[in-house]
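Structure below is query11.txt: compact mmCIF, C-alpha atoms.
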# COMPACT_ATOMS: atom_id res chain seq x y z
CA MET H 1 17.50 -36.53 24.82
CA THR H 2 15.47 -37.34 21.70
CA ALA H 3 13.93 -34.21 20.23
CA LEU H 4 10.16 -33.89 20.07
CA LEU H 5 10.59 -32.10 16.76
CA SER H 6 13.59 -31.33 14.60
CA VAL H 7 12.91 -28.73 11.97
CA GLN H 8 15.36 -28.12 9.17
CA ASN H 9 15.87 -25.32 6.67
CA LEU H 10 13.57 -22.73 8.17
CA ARG H 11 13.99 -19.94 5.66
CA LYS H 12 11.87 -16.90 4.98
CA ARG H 13 12.31 -13.96 2.65
CA PHE H 14 10.07 -10.98 2.11
CA GLY H 15 10.82 -10.07 -1.49
CA ALA H 16 14.56 -9.61 -1.73
CA ARG H 17 14.97 -9.20 2.03
CA PRO H 18 15.88 -12.37 3.90
CA LEU H 19 14.06 -12.54 7.23
CA PHE H 20 15.75 -15.59 8.70
CA ASP H 21 17.69 -18.64 7.61
CA ILE H 22 17.75 -21.30 10.31
CA GLU H 23 19.44 -24.55 9.43
CA ARG H 24 18.06 -26.59 12.31
CA LEU H 25 15.80 -26.16 15.33
CA ASP H 26 15.46 -28.98 17.87
CA ILE H 27 12.58 -28.88 20.31
CA ALA H 28 12.93 -31.17 23.31
CA PRO H 29 9.87 -32.74 24.96
CA GLY H 30 8.62 -31.08 28.14
CA ARG H 31 10.66 -27.93 27.65
CA ALA H 32 9.60 -24.31 27.57
CA TYR H 33 11.34 -21.93 25.21
CA VAL H 34 11.03 -18.20 24.91
CA LEU H 35 11.71 -16.76 21.50
CA THR H 36 12.99 -13.22 21.69
CA GLY H 37 14.24 -10.74 19.14
CA ALA H 38 13.71 -7.23 17.97
CA ASN H 39 10.41 -6.17 16.42
CA GLY H 40 10.34 -7.39 12.83
CA SER H 41 12.99 -10.04 13.41
CA GLY H 42 10.51 -12.75 12.38
CA LYS H 43 9.42 -14.26 15.71
CA SER H 44 5.75 -14.44 14.76
CA THR H 45 6.56 -15.67 11.25
CA LEU H 46 8.73 -18.43 12.67
CA LEU H 47 5.96 -19.54 15.04
CA ARG H 48 3.39 -19.39 12.23
CA MET H 49 5.66 -21.56 10.08
CA LEU H 50 5.98 -24.11 12.85
CA GLY H 51 2.19 -23.99 13.28
CA GLY H 52 1.51 -24.56 9.58
CA LEU H 53 0.02 -21.12 8.97
CA GLU H 54 2.85 -19.83 6.80
CA ARG H 55 4.35 -21.41 3.71
CA CYS H 56 7.82 -22.82 4.02
CA GLY H 57 9.07 -24.22 0.73
CA ASP H 58 12.16 -26.18 1.70
CA CYS H 59 11.44 -26.83 5.36
CA SER H 60 11.26 -30.35 6.66
CA VAL H 61 10.52 -31.77 10.06
CA GLU H 62 11.41 -34.95 11.87
CA LEU H 63 8.56 -36.20 14.04
CA ASP H 64 8.60 -39.61 15.74
CA GLY H 65 11.48 -40.73 13.55
CA ARG H 66 9.71 -39.76 10.32
CA GLN H 67 10.96 -37.05 8.01
CA LEU H 68 8.07 -34.93 6.72
CA PRO H 69 7.80 -31.72 4.69
CA LEU H 70 6.59 -28.74 6.73
CA TYR H 71 4.48 -27.54 3.81
CA PRO H 72 1.85 -28.75 3.05
CA TYR H 73 1.47 -29.17 6.78
CA PRO H 74 1.29 -32.87 7.64
CA PRO H 75 -1.82 -34.11 9.52
CA ALA H 76 0.41 -35.79 12.12
CA LEU H 77 1.89 -32.40 12.93
CA ARG H 78 -1.54 -30.75 12.97
CA ARG H 79 -2.54 -33.14 15.75
CA ALA H 80 0.70 -32.50 17.65
CA VAL H 81 1.03 -28.71 17.40
CA VAL H 82 -1.37 -25.87 18.25
CA TYR H 83 -0.68 -22.20 17.55
CA VAL H 84 -2.31 -19.37 19.56
CA HIS H 85 -2.47 -15.85 18.11
CA GLN H 86 -1.15 -12.78 19.90
CA HIS H 87 -4.71 -11.44 19.88
CA PRO H 88 -6.81 -14.61 19.88
CA ILE H 89 -9.99 -14.51 17.87
CA MET H 90 -13.17 -15.82 19.43
CA PHE H 91 -15.81 -17.54 17.35
CA SER H 92 -19.19 -15.88 17.74
CA THR H 93 -20.66 -18.63 19.87
CA SER H 94 -20.40 -19.09 23.64
CA VAL H 95 -17.12 -19.25 25.56
CA GLY H 96 -17.79 -22.92 26.29
CA HIS H 97 -18.28 -23.68 22.61
CA ASN H 98 -15.12 -21.76 21.74
CA ILE H 99 -13.13 -23.94 24.12
CA ALA H 100 -14.77 -27.10 22.78
CA TYR H 101 -14.12 -26.07 19.13
CA GLY H 102 -11.00 -28.17 18.55
CA LEU H 103 -12.45 -31.26 20.20
CA LEU H 104 -15.64 -31.03 18.15
CA ALA H 105 -13.56 -30.41 15.01
CA ARG H 106 -11.70 -33.62 15.75
CA GLY H 107 -14.95 -35.53 15.92
CA VAL H 108 -15.36 -35.80 19.71
CA ASP H 109 -19.00 -36.08 20.67
CA GLY H 110 -20.44 -33.01 22.42
CA HIS H 111 -21.49 -35.11 25.43
CA ASP H 112 -17.99 -36.54 25.82
CA ALA H 113 -16.43 -33.10 25.36
CA ARG H 114 -18.42 -31.46 28.17
CA PRO H 115 -16.40 -32.67 31.21
CA LEU H 116 -13.15 -31.93 29.38
CA VAL H 117 -14.35 -28.40 28.61
CA GLU H 118 -15.37 -27.92 32.25
CA GLU H 119 -11.91 -29.01 33.38
CA ALA H 120 -10.24 -26.68 30.85
CA MET H 121 -12.41 -23.74 31.95
CA ALA H 122 -11.56 -24.42 35.60
CA TRP H 123 -7.83 -24.62 34.70
CA ALA H 124 -7.97 -21.23 32.97
CA GLY H 125 -10.25 -19.68 35.62
CA VAL H 126 -12.96 -18.84 33.11
CA THR H 127 -15.77 -21.10 34.36
CA HIS H 128 -17.85 -18.06 35.28
CA LEU H 129 -17.64 -16.89 31.66
CA ARG H 130 -19.15 -20.11 30.26
CA ARG H 131 -22.20 -18.46 28.73
CA SER H 132 -20.66 -15.06 28.07
CA ASP H 133 -20.58 -13.41 24.68
CA PRO H 134 -16.92 -13.85 23.63
CA ALA H 135 -17.01 -10.46 21.86
CA ARG H 136 -17.38 -8.80 25.25
CA LEU H 137 -14.43 -10.51 26.95
CA SER H 138 -11.40 -8.49 28.01
CA GLY H 139 -8.00 -9.11 26.40
CA GLY H 140 -6.83 -11.20 29.37
CA GLU H 141 -10.01 -13.27 29.40
CA LYS H 142 -9.71 -13.92 25.66
CA GLN H 143 -6.11 -15.03 26.11
CA ARG H 144 -7.08 -17.43 28.92
CA VAL H 145 -9.97 -18.84 26.88
CA ALA H 146 -7.59 -19.30 23.93
CA LEU H 147 -5.06 -21.10 26.16
CA ALA H 148 -7.81 -23.38 27.48
CA ARG H 149 -8.98 -24.04 23.90
CA ALA H 150 -5.46 -25.00 22.83
CA ARG H 151 -4.55 -27.00 25.95
CA LEU H 152 -7.73 -29.05 25.70
CA LEU H 153 -6.37 -30.68 22.55
CA GLN H 154 -3.39 -31.97 24.55
CA PRO H 155 -0.86 -30.90 21.91
CA ARG H 156 2.75 -31.99 22.24
CA LEU H 157 3.88 -28.50 21.28
CA LEU H 158 2.12 -25.22 21.98
CA LEU H 159 3.13 -22.10 20.10
CA LEU H 160 2.17 -18.90 21.91
CA ASP H 161 2.63 -15.61 20.11
CA GLU H 162 3.15 -12.82 22.68
CA PRO H 163 0.50 -14.10 25.11
CA THR H 164 0.95 -11.17 27.50
CA ALA H 165 1.22 -8.40 24.91
CA ASN H 166 -1.13 -5.51 25.71
CA LEU H 167 -2.04 -7.04 29.07
CA ASP H 168 -1.19 -5.47 32.37
CA GLY H 169 -1.91 -5.94 36.08
CA PRO H 170 -3.81 -9.01 37.21
CA ALA H 171 -4.75 -10.05 33.64
CA ARG H 172 -1.07 -10.38 32.72
CA GLU H 173 -0.23 -12.18 35.97
CA GLN H 174 -3.08 -14.65 35.47
CA VAL H 175 -1.78 -15.55 31.99
CA ILE H 176 1.82 -15.87 33.21
CA ALA H 177 0.68 -18.14 36.05
CA LEU H 178 -0.88 -20.54 33.51
CA ILE H 179 2.30 -21.00 31.46
CA PRO H 180 4.25 -23.35 33.80
CA THR H 181 1.18 -25.57 34.18
CA LEU H 182 1.11 -26.03 30.41
CA LEU H 183 4.29 -28.07 30.65
CA GLU H 184 2.56 -30.98 32.34
CA ALA H 185 2.55 -34.35 30.58
CA GLY H 186 5.74 -33.68 28.67
CA ARG H 187 4.23 -30.87 26.61
CA SER H 188 6.62 -28.34 25.10
CA VAL H 189 5.91 -24.64 24.68
CA ILE H 190 7.51 -21.98 22.54
CA ILE H 191 6.56 -18.44 23.52
CA ALA H 192 7.43 -15.48 21.34
CA CYS H 193 7.66 -12.55 23.72
CA HIS H 194 9.41 -9.48 25.12
CA ASP H 195 7.97 -9.99 28.61
CA ARG H 196 10.79 -10.17 31.19
CA ASP H 197 8.63 -12.17 33.61
CA LEU H 198 8.04 -14.83 30.97
CA ILE H 199 11.70 -14.84 29.95
CA GLY H 200 12.64 -15.23 33.61
CA LEU H 201 10.38 -18.21 34.33
CA PRO H 202 12.43 -21.04 35.87
CA GLY H 203 13.66 -23.74 33.48
CA VAL H 204 12.86 -21.72 30.38
CA GLN H 205 15.38 -21.85 27.56
CA ARG H 206 15.92 -18.68 25.60
CA LEU H 207 16.10 -18.56 21.82
CA LYS H 208 16.99 -15.27 20.22
CA LEU H 209 16.41 -14.29 16.59
CA ARG H 210 19.14 -11.91 15.54
CA ASP H 211 20.26 -11.03 12.01
CA GLY H 212 18.26 -13.93 10.62
CA GLN H 213 19.95 -16.50 12.83
CA LEU H 214 18.65 -18.31 15.89
CA GLU H 215 20.89 -18.05 18.95
CA THR H 216 20.42 -20.48 21.81
CA ARG H 217 21.14 -19.18 25.28
CA MET N 1 -55.97 13.33 -11.75
CA ALA N 2 -55.59 10.18 -13.88
CA LEU N 3 -52.69 9.17 -11.67
CA LEU N 4 -54.72 9.65 -8.49
CA GLU N 5 -57.60 7.69 -9.98
CA ALA N 6 -55.32 4.87 -11.12
CA THR N 7 -53.66 4.77 -7.69
CA GLY N 8 -57.06 4.54 -6.03
CA HIS N 9 -57.96 1.63 -8.30
CA ALA N 10 -54.58 0.05 -7.58
CA PHE N 11 -55.24 0.04 -3.82
CA ALA N 12 -58.75 -1.28 -4.47
CA LEU N 13 -57.26 -4.14 -6.51
CA LEU N 14 -54.72 -4.90 -3.78
CA PHE N 15 -57.22 -4.97 -0.93
CA SER N 16 -59.97 -6.73 -2.85
CA GLY N 17 -57.71 -9.80 -3.12
CA ASP N 18 -57.81 -9.75 -6.92
CA ALA N 19 -56.91 -13.33 -7.87
CA ALA N 20 -55.11 -12.47 -11.13
CA LEU N 21 -52.97 -9.83 -9.43
CA TRP N 22 -51.95 -12.02 -6.50
CA HIS N 23 -51.24 -14.92 -8.85
CA ILE N 24 -48.75 -12.70 -10.67
CA VAL N 25 -47.12 -11.88 -7.31
CA TRP N 26 -47.05 -15.60 -6.47
CA VAL N 27 -45.35 -16.50 -9.79
CA SER N 28 -42.75 -13.76 -9.22
CA LEU N 29 -42.00 -14.87 -5.67
CA LYS N 30 -41.89 -18.55 -6.60
CA THR N 31 -39.55 -18.16 -9.58
CA SER N 32 -37.28 -15.69 -7.74
CA VAL N 33 -36.98 -17.80 -4.59
CA LEU N 34 -36.41 -21.00 -6.57
CA GLY N 35 -33.80 -19.26 -8.73
CA LEU N 36 -31.99 -18.16 -5.57
CA VAL N 37 -32.28 -21.59 -3.97
CA PHE N 38 -30.44 -23.07 -6.93
CA ALA N 39 -27.95 -20.21 -7.25
CA THR N 40 -26.96 -19.86 -3.59
CA PRO N 41 -24.98 -23.07 -2.91
CA PRO N 42 -22.66 -22.86 -5.97
CA ALA N 43 -22.30 -19.06 -5.68
CA VAL N 44 -21.41 -19.15 -1.97
CA LEU N 45 -19.03 -22.05 -2.50
CA LEU N 46 -17.30 -20.30 -5.42
CA GLY N 47 -17.18 -16.98 -3.57
CA TYR N 48 -15.59 -18.70 -0.57
CA LEU N 49 -13.07 -20.62 -2.68
CA ILE N 50 -11.98 -17.53 -4.64
CA ALA N 51 -11.71 -15.47 -1.46
CA MET N 52 -9.73 -18.04 0.50
CA HIS N 53 -7.36 -19.53 -2.03
CA ARG N 54 -4.48 -18.18 -4.06
CA PHE N 55 -4.33 -19.76 -7.52
CA PRO N 56 -3.22 -18.72 -10.99
CA GLY N 57 -5.93 -16.66 -12.65
CA ARG N 58 -7.53 -15.64 -9.33
CA ARG N 59 -7.56 -11.96 -10.24
CA ILE N 60 -9.26 -12.81 -13.52
CA ALA N 61 -11.86 -14.83 -11.60
CA VAL N 62 -12.51 -11.85 -9.28
CA TRP N 63 -12.73 -9.52 -12.28
CA LEU N 64 -15.19 -11.82 -14.10
CA ALA N 65 -17.31 -12.24 -10.96
CA GLN N 66 -17.58 -8.48 -10.55
CA ALA N 67 -18.07 -7.83 -14.26
CA ALA N 68 -20.94 -10.34 -14.32
CA LEU N 69 -22.82 -8.06 -11.93
CA SER N 70 -23.37 -5.58 -14.70
CA LEU N 71 -24.41 -8.12 -17.31
CA PRO N 72 -27.70 -6.87 -18.84
CA THR N 73 -30.52 -9.22 -17.95
CA VAL N 74 -31.95 -8.85 -21.43
CA LEU N 75 -28.73 -10.32 -22.80
CA ILE N 76 -29.02 -13.28 -20.45
CA GLY N 77 -32.61 -13.59 -21.67
CA LEU N 78 -31.47 -13.59 -25.29
CA LEU N 79 -28.83 -16.27 -24.67
CA LEU N 80 -31.30 -18.43 -22.77
CA TYR N 81 -33.89 -17.92 -25.50
CA LEU N 82 -31.41 -19.24 -28.06
CA LEU N 83 -30.44 -22.15 -25.84
CA LEU N 84 -34.00 -23.11 -24.90
CA SER N 85 -35.71 -22.51 -28.24
CA ARG N 86 -36.87 -25.56 -30.13
CA ARG N 87 -33.73 -25.60 -32.30
CA GLY N 88 -31.40 -24.72 -29.43
CA PRO N 89 -29.16 -27.22 -27.62
CA LEU N 90 -31.51 -27.27 -24.61
CA GLY N 91 -34.70 -27.20 -26.68
CA GLY N 92 -35.54 -30.76 -25.63
CA LEU N 93 -36.23 -29.52 -22.10
CA GLU N 94 -39.20 -27.50 -23.41
CA TRP N 95 -38.50 -24.79 -20.82
CA LEU N 96 -39.03 -21.82 -23.12
CA PHE N 97 -42.09 -19.80 -22.07
CA SER N 98 -42.37 -21.81 -18.87
CA GLN N 99 -41.69 -21.20 -15.20
CA PRO N 100 -38.63 -23.52 -15.14
CA GLY N 101 -37.17 -21.31 -17.88
CA ILE N 102 -37.69 -18.21 -15.75
CA VAL N 103 -36.20 -20.00 -12.72
CA LEU N 104 -33.10 -20.86 -14.80
CA GLY N 105 -32.81 -17.21 -15.87
CA GLN N 106 -33.22 -15.94 -12.28
CA CYS N 107 -30.60 -18.44 -11.15
CA ILE N 108 -28.11 -17.14 -13.73
CA ILE N 109 -28.91 -13.51 -12.91
CA GLY N 110 -28.65 -14.05 -9.14
CA LEU N 111 -25.47 -16.11 -9.21
CA PRO N 112 -22.94 -13.29 -9.84
CA VAL N 113 -24.55 -11.06 -7.19
CA LEU N 114 -24.37 -13.84 -4.62
CA LEU N 115 -20.84 -14.76 -5.67
CA ALA N 116 -19.44 -11.22 -5.64
CA PHE N 117 -21.06 -10.32 -2.30
CA THR N 118 -19.96 -13.60 -0.66
CA LEU N 119 -16.44 -13.09 -1.99
CA ALA N 120 -16.35 -9.58 -0.53
CA ALA N 121 -17.79 -10.76 2.81
CA VAL N 122 -15.27 -13.59 3.19
CA GLN N 123 -12.38 -11.40 2.06
CA ALA N 124 -13.32 -8.78 4.62
CA LEU N 125 -13.40 -11.34 7.44
CA ASP N 126 -10.47 -11.42 9.86
CA PRO N 127 -8.12 -14.18 8.59
CA ARG N 128 -7.59 -15.35 12.17
CA TYR N 129 -10.98 -17.11 12.06
CA ALA N 130 -9.78 -19.53 9.38
CA GLU N 131 -6.32 -19.79 10.94
CA THR N 132 -7.72 -20.55 14.40
CA ALA N 133 -10.03 -23.20 12.95
CA LEU N 134 -7.14 -24.73 11.03
CA ALA N 135 -4.74 -24.55 13.98
CA HIS N 136 -7.27 -26.43 16.11
CA GLY N 137 -7.50 -29.31 13.67
CA ALA N 138 -10.60 -28.40 11.65
CA SER N 139 -10.97 -30.10 8.27
CA SER N 140 -11.18 -27.95 5.13
CA MET N 141 -14.95 -28.42 5.15
CA ARG N 142 -15.23 -27.38 8.80
CA VAL N 143 -12.99 -24.35 8.20
CA MET N 144 -15.33 -23.35 5.37
CA PHE N 145 -18.47 -23.66 7.50
CA THR N 146 -16.77 -21.80 10.38
CA VAL N 147 -15.71 -18.95 8.08
CA LEU N 148 -19.12 -18.75 6.39
CA TYR N 149 -20.81 -18.72 9.81
CA GLU N 150 -18.60 -15.86 10.93
CA ALA N 151 -19.32 -14.05 7.64
CA ARG N 152 -23.03 -14.90 7.88
CA TYR N 153 -24.29 -11.31 7.87
CA GLY N 154 -22.40 -10.66 4.65
CA VAL N 155 -23.67 -13.89 3.12
CA MET N 156 -27.25 -13.06 4.13
CA ALA N 157 -26.78 -9.60 2.62
CA ALA N 158 -25.64 -11.38 -0.56
CA VAL N 159 -28.84 -13.45 -0.63
CA ILE N 160 -31.04 -10.41 -0.01
CA SER N 161 -29.26 -8.41 -2.72
CA GLY N 162 -29.59 -11.37 -5.08
CA PHE N 163 -33.30 -11.54 -4.37
CA GLY N 164 -33.64 -7.83 -5.05
CA ARG N 165 -31.88 -8.25 -8.37
CA VAL N 166 -33.92 -11.23 -9.59
CA ILE N 167 -37.38 -10.09 -8.53
CA SER N 168 -36.94 -6.68 -10.12
CA GLU N 169 -35.51 -7.76 -13.47
CA VAL N 170 -37.73 -7.67 -16.51
CA GLY N 171 -35.65 -8.49 -19.60
CA CYS N 172 -34.97 -12.15 -19.02
CA ALA N 173 -38.39 -12.97 -17.54
CA LEU N 174 -40.04 -11.36 -20.56
CA MET N 175 -37.92 -13.14 -23.18
CA VAL N 176 -37.74 -16.56 -21.56
CA GLY N 177 -41.14 -16.55 -19.86
CA GLY N 178 -43.09 -14.91 -22.64
CA ASN N 179 -45.42 -13.06 -20.22
CA ILE N 180 -48.17 -15.68 -20.53
CA GLU N 181 -51.16 -14.80 -18.38
CA GLY N 182 -51.68 -17.17 -15.47
CA GLN N 183 -48.44 -19.00 -16.21
CA THR N 184 -45.33 -16.92 -16.70
CA ARG N 185 -46.54 -13.39 -16.05
CA THR N 186 -44.39 -11.86 -13.32
CA ILE N 187 -44.68 -8.53 -11.50
CA THR N 188 -42.24 -6.74 -13.80
CA THR N 189 -43.50 -8.20 -17.09
CA ALA N 190 -47.08 -7.44 -16.07
CA ILE N 191 -46.20 -3.83 -15.25
CA ALA N 192 -44.55 -3.47 -18.69
CA LEU N 193 -47.58 -4.99 -20.44
CA GLU N 194 -50.27 -3.09 -18.53
CA THR N 195 -48.44 0.20 -19.04
CA SER N 196 -48.16 -0.42 -22.78
CA LYS N 197 -51.93 -1.00 -22.86
CA GLY N 198 -52.59 2.20 -20.94
CA GLU N 199 -54.00 0.17 -17.99
CA PHE N 200 -52.19 1.75 -15.09
CA ALA N 201 -54.13 0.45 -12.06
CA GLN N 202 -52.75 -3.09 -12.08
CA GLY N 203 -49.26 -1.78 -12.94
CA ILE N 204 -49.34 0.60 -9.98
CA ALA N 205 -50.71 -2.13 -7.68
CA LEU N 206 -47.88 -4.46 -8.70
CA GLY N 207 -45.42 -1.59 -8.36
CA ILE N 208 -46.61 -1.07 -4.78
CA VAL N 209 -46.02 -4.78 -4.08
CA LEU N 210 -42.55 -4.58 -5.63
CA VAL N 211 -41.63 -1.45 -3.67
CA SER N 212 -42.97 -3.03 -0.47
CA LEU N 213 -40.83 -6.12 -1.10
CA ALA N 214 -37.80 -3.93 -1.83
CA LEU N 215 -38.39 -1.97 1.39
CA LEU N 216 -38.76 -5.17 3.38
CA MET N 217 -35.62 -6.71 1.89
CA ASN N 218 -33.54 -3.59 2.33
CA GLY N 219 -34.87 -3.11 5.86
CA ALA N 220 -33.66 -6.62 6.65
CA LEU N 221 -30.33 -5.80 5.00
CA VAL N 222 -29.90 -2.64 7.08
CA LEU N 223 -30.69 -4.61 10.25
CA LEU N 224 -28.19 -7.30 9.29
CA GLN N 225 -25.48 -4.79 8.46
CA GLY N 226 -26.11 -3.03 11.76
CA GLU N 227 -25.80 -6.34 13.58
CA ALA N 228 -22.60 -7.19 11.70
CA HIS N 229 -20.94 -3.90 12.59
CA ASN N 230 -22.19 -3.82 16.15
CA PRO N 231 -22.92 -7.40 17.24
CA GLY N 232 -25.20 -7.74 20.21
CA ALA N 233 -26.21 -4.08 20.09
CA ARG N 234 -29.81 -3.19 20.81
CA LEU N 235 -31.53 -0.65 18.61
The structure given in the file should be rewritten as C-alpha cells.
Amino acid sequence: MTALLSVQNLRKRFGARPLFDIERLDIAPGRAYVLTGANGSGKSTLLRMLGGLERCGDCSVELDGRQLPLYPYPPALRRAVVYVHQHPIMFSTSVGHNIAYGLLARGVDGHDARPLVEEAMAWAGVTHLRRSDPARLSGGEKQRVALARARLLQPRLLLLDEPTANLDGPAREQVIALIPTLLEAGRSVIIACHDRDLIGLPGVQRLKLRDGQLETR
Amino acid sequence: MALLEATGHAFALLFSGDAALWHIVWVSLKTSVLGLVFATPPAVLLGYLIAMHRFPGRRIAVWLAQAALSLPTVLIGLLLYLLLSRRGPLGGLEWLFSQPGIVLGQCIIGLPVLLAFTLAAVQALDPRYAETALAHGASSMRVMFTVLYEARYGVMAAVISGFGRVISEVGCALMVGGNIEGQTRTITTAIALETSKGEFAQGIALGIVLVSLALLMNGALVLLQGEAHNPGARL
C-alpha cells in the first residue's frame, strides 16, 4: 500500500542527550496507530515534530510523491495534518467559534461554515455547549470540542497527544468512542497514549518508542 | 491656611468651567492620545515579534526595550529639541514649540512602555494558543491577531500604562512644546509654571484633574487585570 506520509530522519536531542533517532516512519492511509513508550521517551515531541510545532533540522517527508523538508513546515503538510494537544486550549470566544476557527482561518465564509460546524458539534456531542464559555468546560468537553475542531478540517492525518489523559468515567469513554469514527474517509490517526482501551481498539497498530528507536508491533 | 485657600480657589476654577484651565486639559489629552495612537501599532507589533520569535540579538532587544522604560523624558526632550530646532535635521518640519512636536515626544515616550508591557503580556500567554492557531492552518497574521486577542487584557494594560506615562511627563513637553499659553501648555507644564509664579490655585486644579485621570486609568487597569486573572468573574 502506498504510504500517506513517509518521514525520514526523525532525530531529536536535548543538549547532549539523544531523545530519538528514527530513520523512517511510514504512515498508511486510513490506519490508526497508537504511539506508546515510557514517560519522557519523546512521544509528544515526535507528534509535535510531525505536526510542525517542533524544529526538525534534517527531517524530510514524502507526501503525494513529493519530497519536502519537515522544517520549515510545508503548507501542503499544514493542510493535511492537524495536531491536538493533550490539554487542548480553547480560544476565549464561544464553543461554536472555537470549532469553526480552522475553517475561518482557511478563508471559509462564516455562513458556509455554519452547517459544517453544526455537523461537527453533533458528531462530538457538544451541540448543547454551542454558546458556552469555553473556559468553563470540563476536561472531557474540551477534548471533544478540540476533536471536533480538528476533524472539521478533514485532515488526512490527525495527531492526538494523550486524548484521554486525566479523564475518567463517562468523559473518557465518550472520547474513546469518537476515535474509531475519525478513521472515516481514509483518514489516519496517530495517538500518543498509555490508555489500554485505546491501545486495544480493533485494527490499531502499535508503535513503541524505546531507547530512541521506534518499534512496530 | 494658604493651602486651604488655594485648594478652595482650585475647586472654584474647576467648577466654574474656566476656559483657560480646560483648554490646558484639552491640549494634554489631545497630545497624549495622539501620541499613543501613533505609538501603539508599532510598539504592539514589535512587542509581539520579540516575544514570539527567536533570533540572534533577541536578548539585547528585550534588554533595550526594558532599559528604554527608564529613559528620562527630559533627555528625550533634549534630543527632540536638537532634531526639531531650526538648524536640526528635522527643522524643516517646524514642529518645535508646536503640538505636533509634543505628540512626537509623547509617541517616543509611550513606545517603550507599550512595547515592554506587550512583550511581557505575550510572553506570559500560554504557547498553546499560537500552536493551536498554527496547527489549524492560521496564517502568520491570523496567529498574531489570535495571540494578541488572547493577550488583550495585557495589551490594554500596556496602553493604559503608556497613557499614564505620557500624560504625566513634564520634561519633554516643556522643552519641545515651550509651554506657550493657549497652544502648547499642558497640565504638567502649567503646574510647573504656576507653581514657580507662586500661583497655586490653577496648579492644584490641574493636579486634581491629573490625579482624577490617574485614578480612572488605574481603576480601569485593576478591573482589566482582575478580568484577566479571573475571566467571567463578577465583582
Taking all atoms listed in the file into account, which residues of chain N are within 7 Å of chain H, as an NGL selection string?
:N and (128-129 or 131 or 135-138 or 150)
So, with all atoms listed in the file as the atoms that count, which of N:Leu69, N:Leu75, N:Ile108, N:Val122 lies closest to Ala151 in chain N?
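Looking at the shortest contact to Ala151 in chain N, the residue is N:Val122.
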Pick from N:Leu224, N:Met141, N:Ala20, N:Ile167: nearest to Gln202 in chain N, with all atoms listed in the file counted?
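Nearest to Gln202 in chain N: N:Ala20.
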Given all atoms listed in the file as the counted atoms, nearest of N:Thr40, N:Thr146, N:Ser140, N:Thr132 to Gly110 in chain N:
N:Thr40
Env of Val204 in chain H: 9 Å cut, atoms = all atoms listed in the file, seq-sep filter 5 positions within chain, self excluded. Answer as a list in words.
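Using all atoms listed in the file, the neighbours found are Arg31, Ala32, Tyr33, Val34, Leu198 and Ile199 of chain H.
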Got a sec: who's within 6 Å of His9 in chain N, counting only C-alpha atoms, leaving out chain neighbours fewer than 3 positions off, as a compact mmCIF listing (two decimals) with C-alpha atoms, in the frame of the given file?
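To be explicit, this is the file written out as out-v8.txt:
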# COMPACT_ATOMS: atom_id res chain seq x y z
CA ALA N 6 -55.32 4.87 -11.12
CA ALA N 12 -58.75 -1.28 -4.47
CA ALA N 201 -54.13 0.45 -12.06
For the atom pair CA of Phe20 in chain H and CA of Gly42 in chain H, what is the interatomic distance in Å to one decimal place?
7.0 Å
Residues at most 9 Å from Ala43 in chain N, counting all atoms listed in the file, excluding those fewer than 2 positions away in the same chain, as a PyMOL selection string?
chain N and resi 39-41+45-48+110-116+118
Provide the CA of Ala28 in chain H to CA of Leu50 in chain H distance in Å, to one decimal place.
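CA of Leu50 in chain H lies 14.4 Å from CA of Ala28 in chain H.
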Any idea what's packed within 12 Å of range 177-187 of chain N, counting only C-alpha atoms, ignoring anything in its chain fewer than 2 positions away? Could you give it as a PyMOL selection string?
chain N and resi 19-32+77-78+80-81+84-85+94-106+166-175+189-194+202-211+213
Padding 6 Å on every side, please: axis-aligned box over the listed atoms of range 94-113 of chain N, centre and edge lengths to one decimal in Å, as AutoDock Vina command-line options.
--center_x -32.7 --center_y -19.3 --center_z -15.3 --size_x 31.4 --size_y 28.4 --size_z 28.2
In Å, with one decimal, what is the gap from CA of Leu19 in chain H to CA of Pro56 in chain N?
25.9 Å
Can you pull out every residue within 9 Å of Pro180 in chain H, counting only C-alpha atoms, but drop anything in the same chain fewer than 3 positions away, and send it as a list of chain:residue names?
H:Ala32, H:Ile176, H:Ala177, H:Leu183, H:Glu184, H:Leu201, H:Pro202
In file coordinates, which residues lie within 9 Å of (8.4, -32.0, 17.8) using all atoms listed in the file, given as a ChimeraX atom specification?
/H:3-7,26-29,61-64,77,80-81,156-157,188
Can you complete the atoms of range 128-136 of chain N to N, CA and C atoms and list them as a short mmCIF file (atom, residue, chain, number, x, y, z; two decimals), in the frame of the given file?
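Wrote result.cif, looks like this:
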data_model
loop_
_atom_site.label_atom_id
_atom_site.label_comp_id
_atom_site.auth_asym_id
_atom_site.auth_seq_id
_atom_site.Cartn_x
_atom_site.Cartn_y
_atom_site.Cartn_z
N ARG N 128 -7.85 -14.51 10.99
CA ARG N 128 -7.59 -15.35 12.17
C ARG N 128 -8.70 -16.36 12.41
N TYR N 129 -9.92 -16.11 11.88
CA TYR N 129 -10.98 -17.11 12.06
C TYR N 129 -10.58 -18.42 11.38
N ALA N 130 -10.17 -18.31 10.11
CA ALA N 130 -9.78 -19.53 9.38
C ALA N 130 -8.52 -20.13 9.99
N GLU N 131 -7.58 -19.28 10.37
CA GLU N 131 -6.32 -19.79 10.94
C GLU N 131 -6.57 -20.51 12.27
N THR N 132 -7.43 -19.93 13.10
CA THR N 132 -7.72 -20.55 14.40
C THR N 132 -8.41 -21.90 14.19
N ALA N 133 -9.35 -21.94 13.24
CA ALA N 133 -10.03 -23.20 12.95
C ALA N 133 -9.01 -24.24 12.49
N LEU N 134 -8.15 -23.82 11.58
CA LEU N 134 -7.14 -24.73 11.03
C LEU N 134 -6.17 -25.18 12.12
N ALA N 135 -5.72 -24.23 12.93
CA ALA N 135 -4.74 -24.55 13.98
C ALA N 135 -5.33 -25.49 15.03
N HIS N 136 -6.65 -25.54 15.13
CA HIS N 136 -7.27 -26.43 16.11
C HIS N 136 -7.79 -27.71 15.46
#
